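Engineer: Handing over run.tsv, TSV, C-alpha atoms.
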chain	number	residue	atom	x	y	z
A	99	MET	CA	1.98	155.00	32.55
A	100	GLY	CA	-0.02	156.59	35.35
A	101	ILE	CA	-0.58	153.18	36.93
A	102	MET	CA	3.17	152.45	36.89
A	103	ILE	CA	3.95	155.79	38.55
A	104	ARG	CA	1.38	155.14	41.27
A	105	ARG	CA	2.85	151.66	41.85
A	106	ARG	CA	6.34	153.10	42.20
A	107	LYS	CA	5.14	155.68	44.71
A	108	LEU	CA	3.31	153.00	46.66
A	109	ARG	CA	6.39	150.74	46.61
A	110	SER	CA	8.54	153.63	47.83
A	111	LEU	CA	6.10	154.41	50.66
A	112	VAL	CA	5.91	150.76	51.74
A	113	GLY	CA	9.71	150.57	51.70
A	114	ILE	CA	10.02	153.63	53.93
A	115	LEU	CA	7.55	152.16	56.42
A	116	LYS	CA	9.40	148.82	56.46
A	117	ASP	CA	12.71	150.55	57.08
A	118	LYS	CA	11.30	152.57	59.98
A	119	ALA	CA	9.67	149.51	61.53
A	120	SER	CA	12.94	147.56	61.30
A	121	LEU	CA	14.89	150.41	62.91
A	122	VAL	CA	12.41	150.69	65.78
A	123	LYS	CA	12.62	146.95	66.38
A	124	ALA	CA	16.44	147.03	66.35
A	125	THR	CA	16.66	149.95	68.80
A	126	LEU	CA	14.39	148.16	71.29
A	127	SER	CA	16.91	145.32	71.65
A	128	THR	CA	18.29	144.87	75.16
A	129	ASN	CA	21.76	144.12	73.79
A	130	ARG	CA	23.06	147.61	72.99
A	131	HIS	CA	26.12	146.48	71.07
A	132	ALA	CA	24.16	144.10	68.84
A	133	SER	CA	21.53	146.81	68.44
A	134	SER	CA	24.08	149.35	67.19
A	135	LEU	CA	25.42	146.86	64.66
A	136	ARG	CA	21.98	146.04	63.36
A	137	VAL	CA	20.99	149.69	63.13
A	138	ALA	CA	24.15	150.47	61.13
A	139	VAL	CA	23.36	147.64	58.70
A	140	LEU	CA	19.70	148.69	58.35
A	141	ARG	CA	20.58	152.30	57.60
A	142	ALA	CA	23.04	151.23	54.90
A	143	THR	CA	20.55	148.84	53.25
A	144	THR	CA	17.26	150.71	52.88
A	145	HIS	CA	14.55	149.98	50.30
A	146	ASP	CA	15.36	153.07	48.22
A	147	MET	CA	16.11	151.90	44.66
A	148	SER	CA	17.39	155.17	43.24
A	149	SER	CA	20.64	155.69	45.12
A	150	PRO	CA	23.42	153.69	46.81
A	151	PRO	CA	24.15	153.91	50.53
A	152	SER	CA	26.12	157.00	51.45
A	153	GLU	CA	29.79	156.85	52.35
A	154	ASN	CA	28.91	157.64	55.97
A	155	ARG	CA	26.49	154.70	56.14
A	156	ILE	CA	29.03	152.25	54.72
A	157	SER	CA	31.81	153.60	56.96
A	158	ALA	CA	29.53	153.13	59.96
A	159	VAL	CA	29.18	149.41	59.20
A	160	LEU	CA	32.92	149.03	58.57
A	161	GLY	CA	33.68	150.89	61.78
A	162	CYS	CA	31.30	148.90	63.96
A	163	GLY	CA	32.41	145.57	62.58
A	164	GLY	CA	36.11	146.34	62.39
A	165	GLN	CA	36.55	147.43	65.98
A	166	GLY	CA	37.43	145.15	68.84
A	167	THR	CA	37.21	141.40	68.84
A	168	ARG	CA	36.53	138.68	66.32
A	169	ARG	CA	33.19	138.21	68.03
A	170	THR	CA	32.18	141.76	67.11
A	171	SER	CA	33.18	141.26	63.47
A	172	CYS	CA	31.30	137.97	63.38
A	173	ALA	CA	28.17	139.68	64.73
A	174	CYS	CA	28.44	142.39	62.07
A	175	VAL	CA	28.74	139.86	59.23
A	176	ASP	CA	25.87	137.81	60.69
A	177	ALA	CA	23.66	140.92	60.77
A	178	LEU	CA	24.53	141.79	57.17
A	179	MET	CA	24.05	138.26	55.82
A	180	GLY	CA	20.85	137.87	57.82
A	181	ARG	CA	19.50	141.02	56.20
A	182	LEU	CA	20.56	139.77	52.75
A	183	HIS	CA	18.96	136.35	53.00
A	184	ALA	CA	15.77	137.52	54.71
A	185	THR	CA	14.81	140.22	52.20
A	186	CYS	CA	12.70	139.87	49.06
A	187	SER	CA	13.62	143.40	47.91
A	188	ALA	CA	16.08	143.70	45.04
A	189	ALA	CA	17.22	147.13	46.29
A	190	VAL	CA	17.97	145.84	49.80
A	191	ALA	CA	19.78	142.76	48.43
A	192	LEU	CA	21.94	144.85	46.08
A	193	LYS	CA	22.87	147.24	48.89
A	194	CYS	CA	23.78	144.33	51.16
A	195	LEU	CA	26.09	143.03	48.45
A	196	LEU	CA	27.52	146.52	47.99
A	197	VAL	CA	28.37	146.72	51.70
A	198	ALA	CA	29.86	143.20	51.56
A	199	HIS	CA	31.98	144.24	48.59
A	200	ASN	CA	33.23	147.28	50.53
A	201	ILE	CA	34.17	144.98	53.40
A	202	VAL	CA	36.26	142.89	51.01
A	203	SER	CA	37.78	146.00	49.40
A	204	ARG	CA	38.60	148.17	52.41
A	205	GLY	CA	37.39	146.54	55.60
A	206	SER	CA	39.68	145.49	58.43
A	207	PHE	CA	41.44	142.16	58.07
A	208	ILE	CA	39.38	140.55	60.82
A	209	LEU	CA	36.13	141.70	59.17
A	210	LYS	CA	37.25	140.38	55.78
A	211	ASP	CA	38.21	137.10	57.39
A	212	GLN	CA	34.76	136.65	58.90
A	213	LEU	CA	33.03	137.40	55.61
A	214	SER	CA	35.33	135.08	53.65
A	215	PHE	CA	34.37	132.11	55.78
A	216	TYR	CA	30.74	132.85	56.54
A	217	PRO	CA	28.85	131.09	58.07
A	218	SER	CA	30.80	131.04	61.32
A	219	SER	CA	30.15	127.31	61.73
A	220	GLY	CA	32.56	126.70	58.85
A	221	GLY	CA	32.55	126.36	55.10
A	222	GLN	CA	32.96	128.71	52.18
A	223	ASN	CA	31.07	131.89	51.43
A	224	PHE	CA	28.26	130.94	49.08
A	225	LEU	CA	25.77	133.80	48.91
A	226	ASN	CA	23.30	131.49	47.17
A	227	LEU	CA	21.32	134.14	45.27
A	228	SER	CA	21.19	132.40	41.89
A	229	THR	CA	17.40	132.11	42.11
A	230	PHE	CA	16.69	135.55	43.55
A	231	ARG	CA	13.62	137.25	42.03
A	232	ASP	CA	11.78	140.39	43.11
A	233	LYS	CA	8.47	140.22	41.26
A	234	SER	CA	7.00	143.45	42.63
A	235	ASP	CA	7.12	145.21	39.25
A	236	ASN	CA	9.19	145.50	36.08
A	237	ASP	CA	11.88	147.68	37.70
A	238	THR	CA	12.51	145.29	40.57
A	239	TRP	CA	12.45	142.35	38.14
A	240	GLN	CA	15.24	143.96	36.12
A	241	LEU	CA	17.18	144.90	39.24
A	242	SER	CA	17.01	141.24	40.34
A	243	SER	CA	19.24	140.24	37.43
A	244	TRP	CA	21.89	142.67	38.73
A	245	VAL	CA	21.55	141.12	42.20
A	246	ARG	CA	22.21	137.61	40.85
A	247	TRP	CA	25.19	138.77	38.80
A	248	TYR	CA	26.70	140.90	41.56
A	249	ALA	CA	26.42	138.08	44.09
A	250	THR	CA	28.42	135.83	41.76
A	251	VAL	CA	31.07	138.54	41.28
A	252	VAL	CA	31.50	139.05	45.03
A	253	GLU	CA	31.78	135.27	45.53
A	254	GLN	CA	34.36	135.02	42.74
A	255	ASN	CA	36.33	137.86	44.31
A	256	LEU	CA	36.64	135.79	47.49
A	257	ILE	CA	37.56	132.66	45.49
A	258	VAL	CA	40.37	134.58	43.76
A	259	SER	CA	41.60	135.89	47.12
A	260	ARG	CA	41.83	132.34	48.46
A	261	ALA	CA	43.66	131.17	45.34
A	262	LEU	CA	46.21	134.01	45.49
A	263	GLY	CA	46.66	133.92	49.25
A	264	TYR	CA	45.82	137.63	49.63
A	265	TYR	CA	42.90	139.96	48.91
A	266	LEU	CA	42.71	141.73	45.55
A	267	SER	CA	42.46	145.06	47.34
A	268	ASN	CA	45.95	144.44	48.77
A	269	SER	CA	47.54	143.51	45.45
A	270	SER	CA	48.85	147.00	44.68
A	271	SER	CA	49.97	147.94	48.21
A	272	THR	CA	52.77	145.35	48.43
A	273	SER	CA	53.41	144.69	44.76
A	274	SER	CA	57.11	143.86	45.24
A	275	ASP	CA	56.26	141.06	47.68
A	276	HIS	CA	53.63	139.69	45.31
A	277	ASN	CA	56.08	139.82	42.40
A	278	ASN	CA	58.57	137.77	44.41
A	279	LYS	CA	55.80	135.31	45.30
A	280	VAL	CA	54.97	134.85	41.61
A	281	LEU	CA	58.64	134.19	40.80
A	282	ALA	CA	58.83	131.51	43.51
A	283	LEU	CA	55.74	129.57	42.40
A	284	LEU	CA	55.82	126.39	40.34
A	285	SER	CA	54.34	126.62	36.86
A	286	SER	CA	51.47	124.35	37.89
A	287	GLU	CA	50.69	126.67	40.82
A	288	LEU	CA	50.75	129.71	38.56
A	289	LEU	CA	48.31	128.01	36.20
A	290	CYS	CA	45.92	127.31	39.10
A	291	GLU	CA	45.98	131.00	40.01
A	292	VAL	CA	45.44	131.94	36.37
A	293	ASP	CA	42.36	129.69	36.27
A	294	ALA	CA	40.85	131.55	39.24
A	295	LEU	CA	41.66	134.98	37.77
A	296	VAL	CA	40.24	134.10	34.36
A	297	GLY	CA	37.16	132.75	36.13
A	298	TYR	CA	36.67	136.21	37.68
A	299	VAL	CA	36.94	137.88	34.27
A	300	GLU	CA	34.42	135.44	32.78
A	301	CYS	CA	32.07	136.11	35.69
A	302	THR	CA	32.40	139.87	35.20
A	303	ARG	CA	31.58	139.51	31.52
A	304	GLU	CA	28.17	138.01	32.39
A	305	ALA	CA	26.70	141.36	33.49
A	306	PRO	CA	23.04	141.79	32.47
A	307	ASP	CA	22.57	142.22	28.74
A	308	PRO	CA	22.64	145.89	27.65
A	309	SER	CA	19.18	145.90	26.07
A	310	ARG	CA	17.10	149.07	26.15
A	311	ASP	CA	15.63	148.42	29.58
A	312	HIS	CA	18.98	147.54	31.12
A	313	VAL	CA	20.64	150.64	29.66
A	314	GLU	CA	18.02	152.67	31.51
A	315	MET	CA	18.75	150.61	34.60
A	316	ARG	CA	22.45	151.49	34.35
A	317	ARG	CA	21.53	155.12	34.84
A	318	ASN	CA	20.32	154.09	38.27
A	319	GLY	CA	22.75	155.41	40.89
A	320	LEU	CA	22.81	152.10	42.74
A	321	VAL	CA	23.74	150.08	39.66
A	322	TYR	CA	26.28	152.71	38.64
A	323	GLU	CA	28.00	152.37	42.02
A	324	VAL	CA	28.07	148.58	41.65
A	325	LEU	CA	29.69	148.80	38.21
A	326	GLY	CA	32.26	151.24	39.57
A	327	LEU	CA	33.41	148.83	42.29
A	328	VAL	CA	33.47	145.85	39.94
A	329	GLY	CA	35.47	147.92	37.43
A	330	LYS	CA	38.13	148.67	40.06
A	331	ASP	CA	38.47	144.97	40.85
A	332	TYR	CA	38.70	144.16	37.15
A	333	ARG	CA	41.71	146.51	36.83
A	334	LEU	CA	43.39	144.73	39.75
A	335	VAL	CA	42.71	141.37	38.13
A	336	GLN	CA	44.26	142.63	34.89
A	337	HIS	CA	47.44	143.45	36.83
A	338	GLU	CA	47.53	140.03	38.51
A	339	VAL	CA	46.93	138.21	35.21
A	340	SER	CA	49.68	140.21	33.47
A	341	LEU	CA	52.20	139.30	36.19
A	342	ARG	CA	51.50	135.59	35.83
A	343	PHE	CA	51.37	135.59	32.04
A	344	LYS	CA	54.70	137.42	31.88
A	345	GLU	CA	56.32	134.88	34.20
A	346	LEU	CA	54.81	131.89	32.37
A	347	GLY	CA	55.88	133.45	29.08
A	348	ASP	CA	59.49	133.52	30.32
A	349	ARG	CA	59.21	129.83	31.26
A	350	ILE	CA	57.39	128.80	28.10
A	351	LYS	CA	60.12	126.54	26.70
A	352	GLY	CA	60.20	124.54	29.91
A	353	LEU	CA	56.45	123.96	30.14
A	354	SER	CA	55.10	120.50	29.47
A	355	SER	CA	52.60	119.86	26.67
A	356	GLY	CA	49.79	119.65	29.23
A	357	GLU	CA	50.81	122.95	30.82
A	358	LEU	CA	51.05	124.63	27.42
A	359	THR	CA	47.56	123.41	26.55
A	360	ARG	CA	46.19	124.70	29.86
A	361	PHE	CA	47.97	128.03	29.39
A	362	LEU	CA	46.62	128.42	25.86
A	363	ASP	CA	43.11	127.57	27.03
A	364	GLY	CA	43.27	130.37	29.62
A	365	LEU	CA	44.37	132.84	26.95
A	366	LYS	CA	41.53	131.84	24.65
A	367	ARG	CA	39.00	132.16	27.47
A	368	LEU	CA	40.24	135.68	28.15
A	369	GLU	CA	40.06	136.65	24.48
A	370	GLY	CA	36.46	135.47	24.45
A	371	CYS	CA	35.66	138.13	27.09
A	372	LYS	CA	37.37	141.05	25.36
A	373	GLU	CA	34.52	142.64	23.40
A	374	ARG	CA	32.01	142.37	26.24
A	375	LEU	CA	34.41	143.90	28.76
A	376	LEU	CA	35.30	146.80	26.47
A	377	SER	CA	31.61	147.61	26.17
A	378	LEU	CA	30.98	147.18	29.90
A	379	PHE	CA	33.72	149.48	31.23
A	380	LEU	CA	35.24	152.71	29.94
A	381	LYS	CA	38.26	151.92	27.80
A	382	ARG	CA	41.65	152.94	29.18
A	383	ARG	CA	45.16	152.98	27.77
A	384	SER	CA	46.05	150.06	30.03
A	385	ASP	CA	43.42	147.94	28.26
A	386	ASP	CA	45.32	148.09	24.96
A	387	LYS	CA	48.54	147.10	26.72
A	388	PHE	CA	46.79	144.22	28.49
A	389	TRP	CA	45.24	142.75	25.34
A	390	ASP	CA	48.48	143.25	23.39
A	391	THR	CA	50.26	141.19	26.06
A	392	ILE	CA	47.64	138.45	25.72
A	393	SER	CA	48.11	138.37	21.95
A	394	GLU	CA	51.92	138.29	22.18
A	395	VAL	CA	52.00	135.46	24.71
A	396	LYS	CA	49.49	133.45	22.67
A	397	THR	CA	51.70	133.82	19.57
A	398	LYS	CA	54.73	132.56	21.55
A	399	ILE	CA	52.81	129.52	22.75
A	400	LEU	CA	51.62	128.64	19.25
A	401	GLU	CA	55.20	128.93	17.94
A	402	VAL	CA	56.51	126.60	20.63
A	403	VAL	CA	53.69	124.11	20.01
A	404	GLU	CA	54.39	124.18	16.27
A	405	LYS	CA	58.14	123.63	16.76
A	406	ARG	CA	57.49	120.72	19.11
A	407	GLY	CA	55.06	119.26	16.60
A	408	GLN	CA	57.63	119.51	13.79
A	409	LYS	CA	60.32	117.90	15.96
A	410	LYS	CA	58.00	115.07	16.89
A	411	ARG	CA	57.11	114.43	13.25
A	412	LEU	CA	60.82	114.47	12.32
A	413	VAL	CA	61.73	111.98	15.05
A	414	THR	CA	58.88	109.72	14.00
A	415	TRP	CA	59.95	109.86	10.33
A	416	VAL	CA	63.65	109.22	11.08
A	417	GLY	CA	62.74	106.39	13.39
A	418	GLY	CA	60.61	104.83	10.68
A	419	GLU	CA	63.41	105.07	8.09
A	420	ASP	CA	65.93	103.58	10.51
A	421	HIS	CA	63.61	100.67	11.16
A	422	VAL	CA	63.23	99.97	7.43
A	423	GLU	CA	66.98	100.25	6.89
A	424	ARG	CA	67.85	97.84	9.69
A	425	LYS	CA	65.31	95.39	8.46
A	426	SER	CA	66.51	95.55	4.83
A	427	THR	CA	70.20	94.95	5.73
A	428	ARG	CA	69.50	91.93	7.86
A	429	PHE	CA	67.79	89.80	5.22
A	430	TRP	CA	68.26	89.40	1.50
A	431	ILE	CA	65.38	90.53	-0.60
A	432	LYS	CA	63.33	87.56	-1.64
A	433	PRO	CA	64.20	86.56	-5.23
A	434	PRO	CA	61.50	86.55	-7.87
A	435	TRP	CA	59.16	83.57	-7.53
A	436	THR	CA	59.58	80.75	-9.98
A	437	GLU	CA	57.36	77.78	-10.23
A	438	ARG	CA	58.84	74.55	-8.86
A	439	PRO	CA	57.43	71.12	-8.50
A	440	PRO	CA	55.62	70.39	-5.24
A	441	GLY	CA	57.90	69.17	-2.45
A	442	THR	CA	61.03	70.95	-3.79
A	443	VAL	CA	63.20	72.53	-1.05
A	444	VAL	CA	64.07	76.18	-1.80
A	445	PRO	CA	67.37	77.45	-0.20
A	446	VAL	CA	67.24	80.89	1.46
A	447	SER	CA	70.43	83.04	1.64
A	448	ILE	CA	71.26	84.99	4.83
A	449	CYS	CA	73.90	87.72	5.33
A	450	SER	CA	75.89	85.76	7.92
A	451	GLY	CA	76.25	82.76	5.68
A	452	GLY	CA	74.26	80.20	3.70
A	453	TRP	CA	73.80	76.59	2.86
Turn this file's structure into structure tokens for me.
Structural biologist:
Amino acid sequence: MGIMIRRRKLRSLVGILKDKASLVKATLSTNRHASSLRVAVLRATTHDMSSPPSENRISAVLGCGGQGTRRTSCACVDALMGRLHATCSAAVALKCLLVAHNIVSRGSFILKDQLSFYPSSGGQNFLNLSTFRDKSDNDTWQLSSWVRWYATVVEQNLIVSRALGYYLSNSSSTSSDHNNKVLALLSSELLCEVDALVGYVECTREAPDPSRDHVEMRRNGLVYEVLGLVGKDYRLVQHEVSLRFKELGDRIKGLSSGELTRFLDGLKRLEGCKERLLSLFLKRRSDDKFWDTISEVKTKILEVVEKRGQKKRLVTWVGGEDHVERKSTRFWIKPPWTERPPGTVVPVSICSGGW
């Protein structure tokens, strides 16, 4: 135990020295504007594992990057992503992701736009942290699993925003416009949006397993802050999913068999996340309403599928009987066979006449 404490103190001291060295290097830059951006990012993403960046530190990054031109915003995002991909520290990586998440949640439009399509040379925003590992000690090893999960959540947030055509953080501010947009979409388009939203819920469900060590990790202020932001987004996703499920439920009789199957698959995928999500976030009254809606819509789909199945079986059966009837009225039934000498011609009677 004493060795672990000494290692933590040493890690903390080394982190402080690294942060100071990085700040000194950034302030010596001849480009004052780029220097101020880099300093703001460094102060918001220190090596301290115990607490998240303060509101002032995050606001400083949002303010520097959100002011002025697209070039300024691009430089801010470049500084943040450069810090993220250069570090081997789980604490620094998680704080970089936390700042990025705040940009998506409450940054200026131009800053969000730059982050959504980073790198600036083109392409989508793939944070590429699936193999991130900080092997310094047991604490950083555990925190690395939160880094990998959180990076996927932030990426999925941006994927959902592209699918919907607006950022999740804006979904409640102009709800009437979004409701009208949902009404105007084709069923196939609604199902595509549902796929993206359900994908976010599935991604959220994959938070690190709540074993004993990870429960202790959740008491960490940095992890607690991360879960708080993800929880807010999850509530927004619930709202967006409910809107689309309600509209698809009203159109259910007009959906094709393929669309019904796709719709039902989305519902089942959501139900598979229920228990994990209820244990991950504090339960609210809206949760019961949300899951009741899922259950009701699923029941309606199954009823429609069953009715269509019965109708199909009935049509098949009637068609088969009609075929037998038409065939039996066209020809006489063959009379019982009687033995005749070889070469004897046997007359056959037909409805329209005979020999």
Engineer: Between A:Asn278, A:Ser340, A:Thr238, A:Asn200, which residue has the minimum interatomic distance to A:Leu160, considering all atoms listed in the file?
Structural biologist: A:Asn200
Engineer: Take the point (21.1, 135.5, 46.4) as written in the file and pick out every residue within 8 Å of it, counting all atoms listed in the file; give the list as a count of residues only.
Structural biologist: 12
Engineer: To one decimal in Å, tell me the separation between atom CA of A:Ser157 and atom CA of A:Thr144.
Structural biologist: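 A separation of 15.4 Å between them.
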Engineer: Set up a box along x, y and z of the file covering all listed atoms of stretch 338-356 of chain A, add 8 Å on every one of the six sides, and write the centre and edge lengths in Å to one decimal, as JSON.
Structural biologist:
{"center_x": 53.6, "center_y": 129.9, "center_z": 32.6, "size_x": 29.3, "size_y": 36.6, "size_z": 27.8}
Engineer: Name the closest residue to A:Lys279 among the candidates A:Glu345, A:Leu256, A:Val190, A:Leu327; distances are taken between atoms, counting all atoms listed in the file.
Structural biologist: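 When distances to A:Lys279 are compared using all atoms listed in the file, the smallest one comes from A:Glu345.
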Engineer: In Å, how far is it from atom CA of A:Ala132 to atom CA of A:Val175?
Structural biologist: 11.5 Å
Engineer: May I have the residues within 12 Å of A:Lys351 as a count of residues only, using all atoms listed in the file and disregarding those fewer than 3 positions away in the same chain?
Structural biologist: 17
Engineer: From the set A:Leu192, A:Met179, A:Val122, A:Asp293, which residue has the shortest atom-to-atom contact distance to A:Ser243, counting all atoms listed in the file?
Structural biologist: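 Of the candidates, the smallest distance to A:Ser243 is held by A:Leu192.
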Engineer: Looking at A:Phe343, A:Trp247, A:Tyr264, A:Phe379, which one is nearest to A:Phe207, with distances taken over all atoms listed in the file?
Structural biologist: A:Tyr264
Engineer: Name the residues within 7 Å of (22.0, 152.8, 42.9), counting all atoms listed in the file in the file's coordinates, and put them as number ranges by chain.
Structural biologist: A: 147-150, 318-323
Engineer: Calculated over only C-alpha atoms, which of the candidates A:Leu289, A:Ile208, A:Leu353, A:Leu334 has the smallest distance to A:Asp385?
Structural biologist: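 Selected residue with least distance to A:Asp385: A:Leu334.
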Engineer: With only C-alpha atoms as the atoms that count, which of A:Gln336, A:Ser259, A:Ser267, A:Ser152 lies nearest to A:Thr391?
Structural biologist: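 Smallest distance to A:Thr391 is found for A:Gln336.
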Engineer: Excluding A:Leu111 and its own-chain neighbours fewer than 5 positions away, which residues fall within 12 Å of it when counting only C-alpha atoms? Please give them as a PyMOL selection string.
Structural biologist: chain A and resi 104-106+116-118+144-147
Engineer: State, in Å with one decimal place, the distance from atom CA of A:Ala142 to atom CA of A:Val159.
Structural biologist: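 Atom CA of A:Ala142 sits 7.7 Å away from atom CA of A:Val159.
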Engineer: Fewer than 6 positions away in the same chain doesn't count, so skip those; otherwise give me all residues within 10 Å of A:Arg342, counting only C-alpha atoms, as a ChimeraX atom specification.
Structural biologist: /A:277,280-281,283,285,288-289,291-292,348
Engineer: I'd like the neighbourhood of A:Val197 as a PyMOL selection string, where a residue qualifies if any of its atoms comes within 7 Å (using all atoms listed in the file), though same-chain residues fewer than 4 positions away should be ignored.
Structural biologist: chain A and resi 156+193+201
Engineer: With a distance cut-off of 10 Å and all atoms listed in the file, select the neighbouring residues of A:Cys371, excluding the residue or stretch itself and same-chain residues fewer than 5 positions from it, and output the selection as a PyMOL selection string.
Structural biologist: chain A and resi 296+299-304+366+376
